[in-house]
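Student: Sharing a structure here in structure tokens format.
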Amino acid sequence: MMFRSNNCIALHLTSLAKAERFYSDVLGFKLKSKTRTCLEFDTGHFLLYLNRSARPQPPAPSFSVKSVAKARRLLKGARCQIVADRGSSLYFRYPFGNVFDVIGD
């Protein structure tokens with residue numbers, strides 16, 4: 001199983017309305033998509049996902065895999081904690097404390 005970095009980074013914030021104004025008006029990023037719980041910005045070299053959350057969290061780098069199910073089993077076997085599982089993607093905390101995003105190709 002191979003994990004490959006991709007061009008996505010996720011941030012978790014409490015106010016998407018404030019974030020949308022800042023990232024659009026101040027930084028000039030192009031808003032690609034918007035839902036009640038997520039904003040997607042094109043920053044030039046990577047896609048920035050802003051997710052609504054009860055509390056802010058540090059950036060989560062993203063990896064792509066061919067099979068999220070296989071990645072889930074491998075990570076659990078390595079004593080990683082699955083902190084969010086959406087079926088076709090997941091967040092995991094590895095033994096050193098950081099959180100990463102995994103999405104299926």
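So you can find residues: chains in the structure tokens are A, B, ... in the order shown, residues in each start at 1, and ligands are numbered from 1 in order.
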Need the shell around A:Pro61: protein/DNA/RNA residues with any atom at most 9 Å away, counting only C-alpha atoms. Skip same-chain ones fewer than 6 positions apart. Format as number ranges by chain?

Tutor: A: 5-10, 99-102

Student: Write down as an MDAnalysis selection string the residues of chain A whose backbone DSSP state falls under alpha helix (DSSP H).

Tutor: chainID A and resid 16:21 68:77

Student: So which residues touch A:Ala69 within 10 Å, counting only C-alpha atoms, skipping near sequence neighbours fewer than 5 positions away, as JSON, numbers by chain?

Tutor: {"A": [74, 75, 87, 88, 89, 90, 104]}

Student: Give me the residues within 10 Å of stretch 35-52 of chain A as JSON, numbers by chain, counting only C-alpha atoms and dropping any in the same chain fewer than 3 places off.

Tutor: {"A": [6, 7, 8, 9, 10, 11, 12, 13, 14, 15, 16, 17, 19, 20, 23, 24, 27, 28, 29, 30, 31, 32, 55, 56, 57, 59, 60]}

Student: When distances are computed from only C-alpha atoms, which of A:Met2, A:Ala78, A:Val26, A:Ala84 shows the smallest separation from A:Phe63?

Tutor: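 Smallest distance to A:Phe63 is found for A:Met2.
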
Student: Distance atom CA of A:Ser53-atom CA of A:Lys76, one decimal place?

Tutor: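 If I compute the distance from atom CA of A:Ser53 to atom CA of A:Lys76, I get 24.2 Å.
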
Student: State, in Å with one decimal place, the distance from atom CA of A:Arg4 to atom CA of A:Ala54.

Tutor: 29.1 Å

Student: Just how far from atom CA of A:Pro58 is atom CA of A:Arg86, in Å to one decimal?

Tutor: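 Separation between atom CA of A:Arg86 and atom CA of A:Pro58: 19.6 Å.
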
Student: Tell me which of A:Met1, A:Phe22, A:Ile103, A:Arg93 sits closest to A:Arg73, counting only C-alpha atoms.

Tutor: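 Residue with the minimum atom-to-atom distance to A:Arg73: A:Met1.
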